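A quick write-up on the structure given underneath.
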Amino acid sequence: MNTNWTQEAQHDHTPGYTERLGAGLGETVRVRVRVTLPVTGVKLKLVRVGEIELIPAREVSAEMGGLEGEGRWFEAELPVHEARVRYAWLLLFPDDHLNLTRLGLHHSRRGFRNWFQYLAGHISPEWAWRSVFYQVFPDRFRNGDPANDVRTGEYAYMGRPVEHVEWGTPLTRSGDVHAHYGGDLQGVTQALPYLTDLGVNALWLTPIFVSPSNHRYDITDYRRVDPHLGGDEAWEELAAAADRVGVRIVLDGVFNHMGNENALFQAALENEDAPERALFTWRDEPGKPPYHAFFDVPTLPKIDYRNEFAVGEFFSGEESVVRHWLRRGAAGWRLDVAHMIGVGGTDEDNLPLHRALKEAAREVRPDAYVFGERFYDPEHALNGQGEDGAMNYHGFGLPVMQWMSGETHMREPSRMDGHELADILWDAYHALPPQVALSMFNLLESHDIARALFRVGDDRTRFLAAFTLLMGYAGVPCTYYGTEIGLSQHTPGNMPWCRETMPWDERQWDTELRARVKALIHLRRATHVLHEGNLRLIHAEADALAFLREYTHADGRTERAAVIASRRGEAHPVTLTLPAGEWRDGLSAETLAGGEITLDAAGGRLLLQG
């Protein structure tokens with residue numbers, strides 16, 4: 001990864017370089033490149049019908065309306081001839097040439113994966129770009145109405161009675177699925193003043209529908225809120241209260257599988273001639289359930305979408321689950337194990353199903369935000385036609401925390417350094433269309449993986465460095481409930497240990513940590529370049545990383561943010577080069593001059609210019 005190439009040639013998706021995003025098929029878009037090299041000419045390259053075409057670019061003279069910024073500007077008209085246009089720039093010299101792609105400047109022609117991309121007619125949920133999400137695991141966040149708590153022995157699940165556990169009691173392995181602490185939607189409504197003070201303006205709720213477990217990923221009824229979370233009335237109250245204070249709510253869509261107590265599955269199980277049988281994939285394999293299930297867990301039968309009823313029931317039908325909850329106030333869907341959804345007990349037809357889901361969502365709510373849980377490389381799914389983005393485990397959260405903690409989320413030891421971290425971040429980011437990159441759902445932790453604080457040994461300085469990267473990175477940031485006040489975990493590992501109850505006694509809070517987290521969230525919310533700016537990596541060393549976010553206006557004026565972080569828990573001077581001009585620290589308001597500078601990157605720094 002070349003961190004200096006954009007000083008010599010620059011092009012990105014912002015208005016100074018790309019006239020507008022989302023132009024329709026058959027239209028043209030003016031695109032520009034800025035160069036400081038002694039070029040004799042510039043051409044635009046695009047892929048059409050599998051071939052590469054060249055379009056001459058004209059220099060933007062002062063008479064044509066000069067642009068700010070060092071160097072010369074060239075422009076050309078890009079034809080939007082297909083859903084995703086791939087293009088690059090050819091820079092000509094008396095005795096040489098260079099290709100400018102997302103990878104930078106090269107003599108060789110790089111693969112199309114690395115070219116710039118333009119999406120025809122693409123509409124993004126831009127409200128999400130301006131949001132900071134807060135993930136809530138309802139049973140563990142806040143108990144707003146003890147009267148609706150699960151009672152010990154109230155019912156049996158998986159051959160064992162459920163139990164009510166007192167708030168604050170440490171988690172146990174035996175309580176993984178069966179222990180209910182009493183958190184509910186009334187508690188989320190009561191916490192809205194706390195959340196808005198923190199700066200949060202969007203929530204992702206893990207499943208809230210009728211289910212026998214505490215995690216509710218085994219849904220019994222998709223159209224009713226679990227009575228133990230307050231029922232439908234509590235949802236209506238929460239949705240209305242959140243709307244009044246400008247907080248949007250994204251629900252968890254468990255569409256790969258359902259719970260084995262769901263009426264559809266029960267009908268299929270009880271009668272081999274029932275039409276519901278076609279909703280599932282049946283098999284006869286020793287040691288496995290007689291139907292395909294999520295990881296062969298018998299309580300989680302997998303839905304087979306080769307059946308049109310299934311597609312209509314969950315996605316496309318006029319009364320589908322997707323449409324139903326968007327009409328009732330949800331702002332979008334997070335899709336559980338999005339990569340697994342398919343036909344015949346497999347992931348076949350995965351992408352067409354996601355396109356159908358998003359089309360239905362957009363018909364009800366044009367700005368619905370749809371993102372998938374794709375734990376691994378999601379690039380193949382992110383062409384702009386299906387999900388708006390994916391949970392960015394692969395391209396952000398997992399490598400950042402692996403670097404910070406010295407081990408993977410599976411506790412495998414790792415000597416990854418900052419150079420390798422920069423490589424994986426750039427590799428994942430640069431290959432995405434710009435609107436998709438801005439819609440990626442970034443996180444450091446979740447209900448599925450160990451808490452970030454725990455993974456860095458409860459070192460607040462290292463955690464804040466990671467959190468600064470999260471707030472500055474391209475995409476939609478999400479923090480996990482309780483992290484801001486120091487909530488961690490007492491047992492190594494991922495779920496369920498990362499699902500402790502939120503303490504509401506402020507005497508148990510790390511108030512200094514909360515203040516810093518709050519300041520970073522508010523800074524993210526207030527800083528335009530962090531919502532829509534381009535990303536480029538500018539510095540990497542073993543223990544430190546830095547990147548720039550840049551937004552160039554139509555007149556060439558550029559807003560910038562520089563994000564610098566160290567994985568050391570003590571003072572760590574880092575020397576790097578920033579664009580010329582005055583910079584200010586977004587939190588302390590300290591001013592610094594551009595050029596080569598040395599600063600302490602421990603705990604993370606976020607600098608602003610323009």
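In the structure tokens, chains take letters A, B, ... by order of appearance, with residues numbered from 1 within each chain and ligands from 1 in the order shown.
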
(request) For Ile485 (chain A), list every protein, DNA or RNA residue within 12 Å, evaluated using only C-alpha atoms, and leave out those in the same chain fewer than 4 positions away; present the list as a VMD selection string. (result) chain A and resid 194 198 453 458 460 479 to 481 502 to 518

(request) Would you return as a PyMOL selection string the members of region 421-583 of chain A that DSSP assigns to strand (DSSP E or B) on this structure's backbone? (result) chain A and resi 441-443+476-480+534-541+544-552+558-566+573-583

(message) List the spatial neighbours of Thr501 (chain A) as a PyMOL selection string - criterion: any atom at most 8 Å away, only C-alpha atoms, same-chain residues fewer than 2 positions off excluded.
(response) chain A and resi 140-142+167-169+181+499+503

(message) For region 560-567 of chain A, find every residue with an atom within 8 Å (counting only C-alpha atoms), except residues of its own chain fewer than 3 positions away, and show them as JSON, numbers by chain.
(response) {"A": [403, 404, 462, 465, 466, 468, 469, 472, 529, 530, 543, 544, 545, 546, 547, 548, 549, 550, 551, 572, 578, 601, 602, 603, 604, 605, 606, 607, 608, 609, 610]}

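Residues surrounding Trp89 (chain A) within 7 Å are Lys43, Leu44, Lys45, Asn99, Leu100 and Thr101 of chain A [only C-alpha atoms; sequence separation below 3 positions excluded].
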
(message) Can you tell me which residues surround Thr28 (chain A) at a distance of at most 10 Å, considering only C-alpha atoms, apart from same-chain residues fewer than 4 positions away, and format the answer as a VMD selection string?
(response) chain A and resid 19 to 20 23 to 24 76 to 81

Could the residues in this selection be written to a file with C-alpha atoms, as a compact mmCIF listing (two decimals), in the first residue's frame?
# COMPACT_ATOMS: atom_id res chain seq x y z
CA GLU A 19 -19.87 15.91 -9.91
CA ARG A 20 -22.62 13.82 -8.28
CA ALA A 23 -26.74 9.37 -11.70
CA GLY A 24 -29.10 7.16 -13.69
CA ALA A 76 -13.91 14.25 -18.55
CA GLU A 77 -17.46 13.01 -18.96
CA LEU A 78 -18.02 9.52 -17.56
CA PRO A 79 -20.86 7.63 -19.31
CA VAL A 80 -23.03 5.73 -16.83
CA HIS A 81 -23.68 2.81 -19.14

(request) Could you pull out the residues in region 176-239 of chain A that DSSP calls alpha helix (DSSP H) from the backbone, as a PyMOL selection string? (result) chain A and resi 185-190+192-198+231-239

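Counting only C-alpha atoms, Asp448 (chain A) has the following residues at most 9 Å away, ignoring those fewer than 4 positions along the same chain: Asn494, Met495, Pro496, Cys498 and Arg499 of chain A.
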
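For the atom pair formed by CA of Asp417 (chain A) and CA of Ala542 (chain A), the distance is 4.6 Å, given to one decimal.
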
(message) Given only C-alpha atoms as the basis, pick out the residue of A:Leu105, A:Ala156, A:Val370, A:Val150 nearest to Gly182 (chain A).
(response) A:Val150

(request) Select, from A:Gly418, A:Ala390, A:Ala293, A:Arg411, the residue with the minimum atom-to-atom distance to Thr346 (chain A), counting only C-alpha atoms. (result) A:Ala293

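The closest residue to Leu425 (chain A), picked from A:Glu82, A:Asp304, A:Asp377, A:Glu407 and counting only C-alpha atoms, is A:Asp377.
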
(request) For each of A:Val60, A:Leu464, A:Phe454, A:Gly475, take the minimum atom-to-atom distance to Leu487 (chain A), counting only C-alpha atoms, then give the residue where this is smallest. (result) A:Phe454

(message) When you count only C-alpha atoms, which of these residues is closest to Gly22 (chain A): A:Phe309, A:Tyr118, A:Thr220, A:Leu54?
(response) A:Tyr118
